[in-house]
Amino acid sequence: MDYPELRFFDNILIHRTARDIIRNRSTNRNDVRDEALSGLRLDGVVNVLDIGCGFGFMAEKYATMISPAARVTGIDLFENNRSPFEEIIRGSGRVPEFLCREITTSLPFDDRSCDLVIASYSLYFFPYVLPEVSRIMTDDGMFISITHSENSFTGLYQVMGLTSENSLHPELLKKFSTENGLEKLKPYFRNVFMKEYRNSLIFEEKHAHELLTYALFKLPLLLKNIDADNRLPRNLEKNVQKNLEEKKCIIIEKNDAIFHCRGPLCR
C-alpha cells in the first residue's frame, strides 16, 4: 500500500529535528509525553506494544517506567526506525523487538497478551486496528493514544499560502482526533479518559530556518501530490519568508489530546 502522506517519516534526521523545533517553540512547556504518562504506575508492565513506534518518540519516556523484565515490541512501516528504536529500549535495560510491517486489521499477538499499548500521533493512519488493540489488552491493561485537534496547523496553511481543500491533513485527522476520539474509542473500551493538551508554536523572524524546516516536515500532509526532494518548493519557501517578514511573528496552533483507555471490550 502506498502512503504518500508518510514520505518524510522514514527520515529520522528531519523527524528528530522537527521534534526539537516543537520543543523549542512551544508555548506549553510541559512535554506532551510527560503529560500522557503523568500519575501512571507502570512498574508492573511486562509486555508493551508501541504501534507506529517511529524512532522511539514515546519509548524515550515510558521505557524506564516499566518493569526491568519488560519486553517492548514496536511496529512501524519503516525499517530505518528499527535501529534507533531498539537502541532506546536496550539503553533502558529492557528487551526490544521491532516488526517492520504495515498495520493491518490483524495484530500478531495472542488475546490478553499486552498490558500496555501505545499509539502516539499514529492512530489516525490506522483507526481500524482498535478492535485488535482491545482484543490483545489484558483486563487490567491500558491503551494510551495521543492525537491532534482537527483545527491544528491552520497557521501553517496560512503562512505557506495553502488551503485545507488541497490538503491530506483534514481528511487524515478526521479518522482520529481530539474532536472524535471519544466516539471512536468507546465501542472498544469500558473506560475512556481524555485530557486536552493546549499548545501553540511561535516563530519570530530569527526562527525562519526552524519554521521552514518544520514546514518541510509537514508538507506531505499539507499538500496533495507534492513532489519534494527533501526541500521546500521555492514558491512555498518564498511565502513563508514573506509572511514572517511582514508579521514578525507566526503562531501555529498545535492543540492535542491524550486518551487513556481501560477495560477492553473485544474478546
# chains A, B, ... in the order shown; residues from 1 in each chain; ligands from 1
>>> select_by_dssp(residues="stretch 124-227 of chain A", states="alpha helix (DSSP H)", output="MDAnalysis selection string")
chainID A and resid 130:136 154:160 169:173 181:185 208:222
>>> closest_atom_pairs(of="stretch 90-174 of chain A", to="stretch 48-65 of chain A", cutoff="6 Å", atoms="only C-alpha atoms", output="CSV")
residue,atom,partner,partner_atom,distance
A:Ser92,CA,A:Thr64,CA,5.7
A:Cys114,CA,A:Val48,CA,5.8
A:Leu116,CA,A:Val48,CA,4.9
A:Val117,CA,A:Leu49,CA,4.7
A:Ile118,CA,A:Asp50,CA,4.6
A:Ala119,CA,A:Ile51,CA,5.2
A:Ser122,CA,A:Gly52,CA,5.7
>>> write_last_selection(atoms="N, CA and C atoms", output="PDB file, in the first residue's frame")
ATOM      1  N   SER A  92      17.571   1.351  28.053  1.00  0.00           N
ATOM      2  CA  SER A  92      16.819   1.389  29.310  1.00  0.00           C
ATOM      3  C   SER A  92      16.934   0.073  30.075  1.00  0.00           C
ATOM      4  N   CYS A 114      -0.950  -8.153  26.071  1.00  0.00           N
ATOM      5  CA  CYS A 114      -0.227  -6.888  26.250  1.00  0.00           C
ATOM      6  C   CYS A 114      -0.871  -6.081  27.380  1.00  0.00           C
ATOM      7  N   LEU A 116       0.278  -2.936  28.145  1.00  0.00           N
ATOM      8  CA  LEU A 116       0.367  -1.532  27.764  1.00  0.00           C
ATOM      9  C   LEU A 116       0.484  -1.448  26.251  1.00  0.00           C
ATOM     10  N   VAL A 117      -0.418  -0.676  25.636  1.00  0.00           N
ATOM     11  CA  VAL A 117      -0.375  -0.440  24.189  1.00  0.00           C
ATOM     12  C   VAL A 117      -0.311   1.064  23.980  1.00  0.00           C
ATOM     13  N   ILE A 118       0.583   1.484  23.085  1.00  0.00           N
ATOM     14  CA  ILE A 118       0.824   2.902  22.811  1.00  0.00           C
ATOM     15  C   ILE A 118       0.562   3.184  21.340  1.00  0.00           C
ATOM     16  N   ALA A 119      -0.091   4.311  21.057  1.00  0.00           N
ATOM     17  CA  ALA A 119      -0.204   4.817  19.680  1.00  0.00           C
ATOM     18  C   ALA A 119      -0.063   6.333  19.752  1.00  0.00           C
ATOM     19  N   SER A 122      -0.213   8.461  15.760  1.00  0.00           N
ATOM     20  CA  SER A 122      -0.194   7.452  14.696  1.00  0.00           C
ATOM     21  C   SER A 122      -1.549   6.827  14.416  1.00  0.00           C
TER      22      SER A 122
END
>>> closest_residue(among="A:Ser26, A:Ser120, A:Ser113, A:Ser200", to="A:Thr138", atoms="only C-alpha atoms")
A:Ser113
>>> residues_around(residues="A:Phe203", least_positions_apart="3", cutoff="7 Å", atoms="only C-alpha atoms", output="JSON, numbers by chain")
{"A": [25, 207, 211, 249, 250, 251]}
>>> write_last_selection(atoms="C-alpha atoms", output="mmCIF file, in the first residue's frame")
data_model
loop_
_atom_site.group_PDB
_atom_site.id
_atom_site.type_symbol
_atom_site.label_atom_id
_atom_site.label_comp_id
_atom_site.auth_asym_id
_atom_site.auth_seq_id
_atom_site.Cartn_x
_atom_site.Cartn_y
_atom_site.Cartn_z
ATOM 1 C CA ARG A 25 8.892 26.840 20.008
ATOM 2 C CA HIS A 207 13.472 31.458 13.764
ATOM 3 C CA LEU A 211 9.864 27.447 10.517
ATOM 4 C CA CYS A 249 5.719 36.562 14.462
ATOM 5 C CA ILE A 250 3.853 33.466 13.260
ATOM 6 C CA ILE A 251 1.627 31.444 15.582
#
>>> closest_atom_pairs(of="stretch 98-161 of chain A", to="stretch 252-267 of chain A", cutoff="8 Å", atoms="only C-alpha atoms", output="Markdown table")
| residue | atom | partner | partner_atom | distance |
| --- | --- | --- | --- | --- |
| A:Asp111 | CA | A:Arg267 | CA | 7.6 |
| A:Pro131 | CA | A:Cys266 | CA | 6.2 |
| A:Glu132 | CA | A:Cys266 | CA | 7.8 |
| A:Ser134 | CA | A:Pro264 | CA | 4.8 |
| A:Arg135 | CA | A:Cys266 | CA | 5.0 |
| A:Met137 | CA | A:Pro264 | CA | 6.5 |
| A:Thr138 | CA | A:Pro264 | CA | 7.6 |
| A:Asp139 | CA | A:Gly263 | CA | 5.9 |
| A:Asp140 | CA | A:Gly263 | CA | 6.7 |
| A:Gly141 | CA | A:Arg262 | CA | 6.3 |
| A:Met142 | CA | A:Arg262 | CA | 5.1 |
| A:Phe143 | CA | A:Cys261 | CA | 5.0 |
| A:Ile144 | CA | A:His260 | CA | 4.9 |
| A:Ser145 | CA | A:Phe259 | CA | 5.2 |
| A:Ile146 | CA | A:Ile258 | CA | 4.6 |
| A:Thr147 | CA | A:Ala257 | CA | 5.5 |
| A:His148 | CA | A:Asp256 | CA | 4.2 |
| A:Ser149 | CA | A:Asp256 | CA | 5.4 |
| A:Asn151 | CA | A:Glu253 | CA | 7.5 |
| A:Ser152 | CA | A:Lys254 | CA | 4.9 |
| A:Phe153 | CA | A:Glu253 | CA | 5.1 |
| A:Thr154 | CA | A:Glu253 | CA | 6.5 |
| A:Gly155 | CA | A:Ile252 | CA | 4.5 |
| A:Leu156 | CA | A:Ile252 | CA | 5.8 |
>>> select_by_dssp(residues="stretch 76-180 of chain A", states="strand (DSSP E or B)", output="JSON, numbers by chain")
{"A": [76, 95, 96, 97, 98, 99, 100, 114, 115, 116, 117, 118, 119, 120, 137, 138, 139, 140, 141, 142, 143, 144, 145, 146, 147, 148]}
>>> write_last_selection(atoms="C-alpha atoms", output="tab-separated table (two decimals), in the first residue's frame")
chain	number	residue	atom	x	y	z
A	76	ASP	CA	6.43	0.51	12.17
A	95	VAL	CA	14.23	-6.13	25.74
A	96	PRO	CA	13.22	-4.73	22.33
A	97	GLU	CA	11.54	-6.32	19.35
A	98	PHE	CA	10.86	-4.42	16.13
A	99	LEU	CA	8.37	-5.55	13.50
A	100	CYS	CA	8.69	-3.79	10.15
A	114	CYS	CA	-0.23	-6.89	26.25
A	115	ASP	CA	-0.62	-4.83	29.40
A	116	LEU	CA	0.37	-1.53	27.76
A	117	VAL	CA	-0.37	-0.44	24.19
A	118	ILE	CA	0.82	2.90	22.81
A	119	ALA	CA	-0.20	4.82	19.68
A	120	SER	CA	1.46	8.23	19.72
A	137	MET	CA	-5.04	-5.99	26.02
A	138	THR	CA	-5.07	-7.63	29.43
A	139	ASP	CA	-8.12	-6.96	31.58
A	140	ASP	CA	-6.18	-4.51	33.73
A	141	GLY	CA	-4.06	-3.16	30.88
A	142	MET	CA	-4.04	0.34	29.38
A	143	PHE	CA	-4.12	1.84	25.91
A	144	ILE	CA	-2.59	5.32	25.55
A	145	SER	CA	-3.05	7.39	22.42
A	146	ILE	CA	-2.01	10.95	21.57
A	147	THR	CA	-3.52	12.79	18.62
A	148	HIS	CA	-4.08	16.24	17.11
>>> closest_residue(among="A:Asn199, A:Met160, A:Asn191, A:Asn47", to="A:Leu236", atoms="only C-alpha atoms")
A:Met160
>>> atom_distance(atom1="atom CA of A:Met194", atom2="atom CA of A:Phe126")
19.5 Å
>>> residues_around(residues="A:Ile66", least_positions_apart="5", cutoff="9 Å", atoms="only C-alpha atoms", output="VMD selection string")
chain A and resid 41 to 46 48 94
>>> atom_distance(atom1="atom CA of A:Arg16", atom2="atom CA of A:Leu107")
27.5 Å
>>> closest_residue(among="A:Lys206, A:Glu150, A:Glu245, A:Arg198", to="A:Glu179", atoms="only C-alpha atoms")
A:Glu150
>>> closest_residue(among="A:Leu77, A:Val159, A:Ala69, A:Leu168", to="A:Arg90", atoms="only C-alpha atoms")
A:Ala69
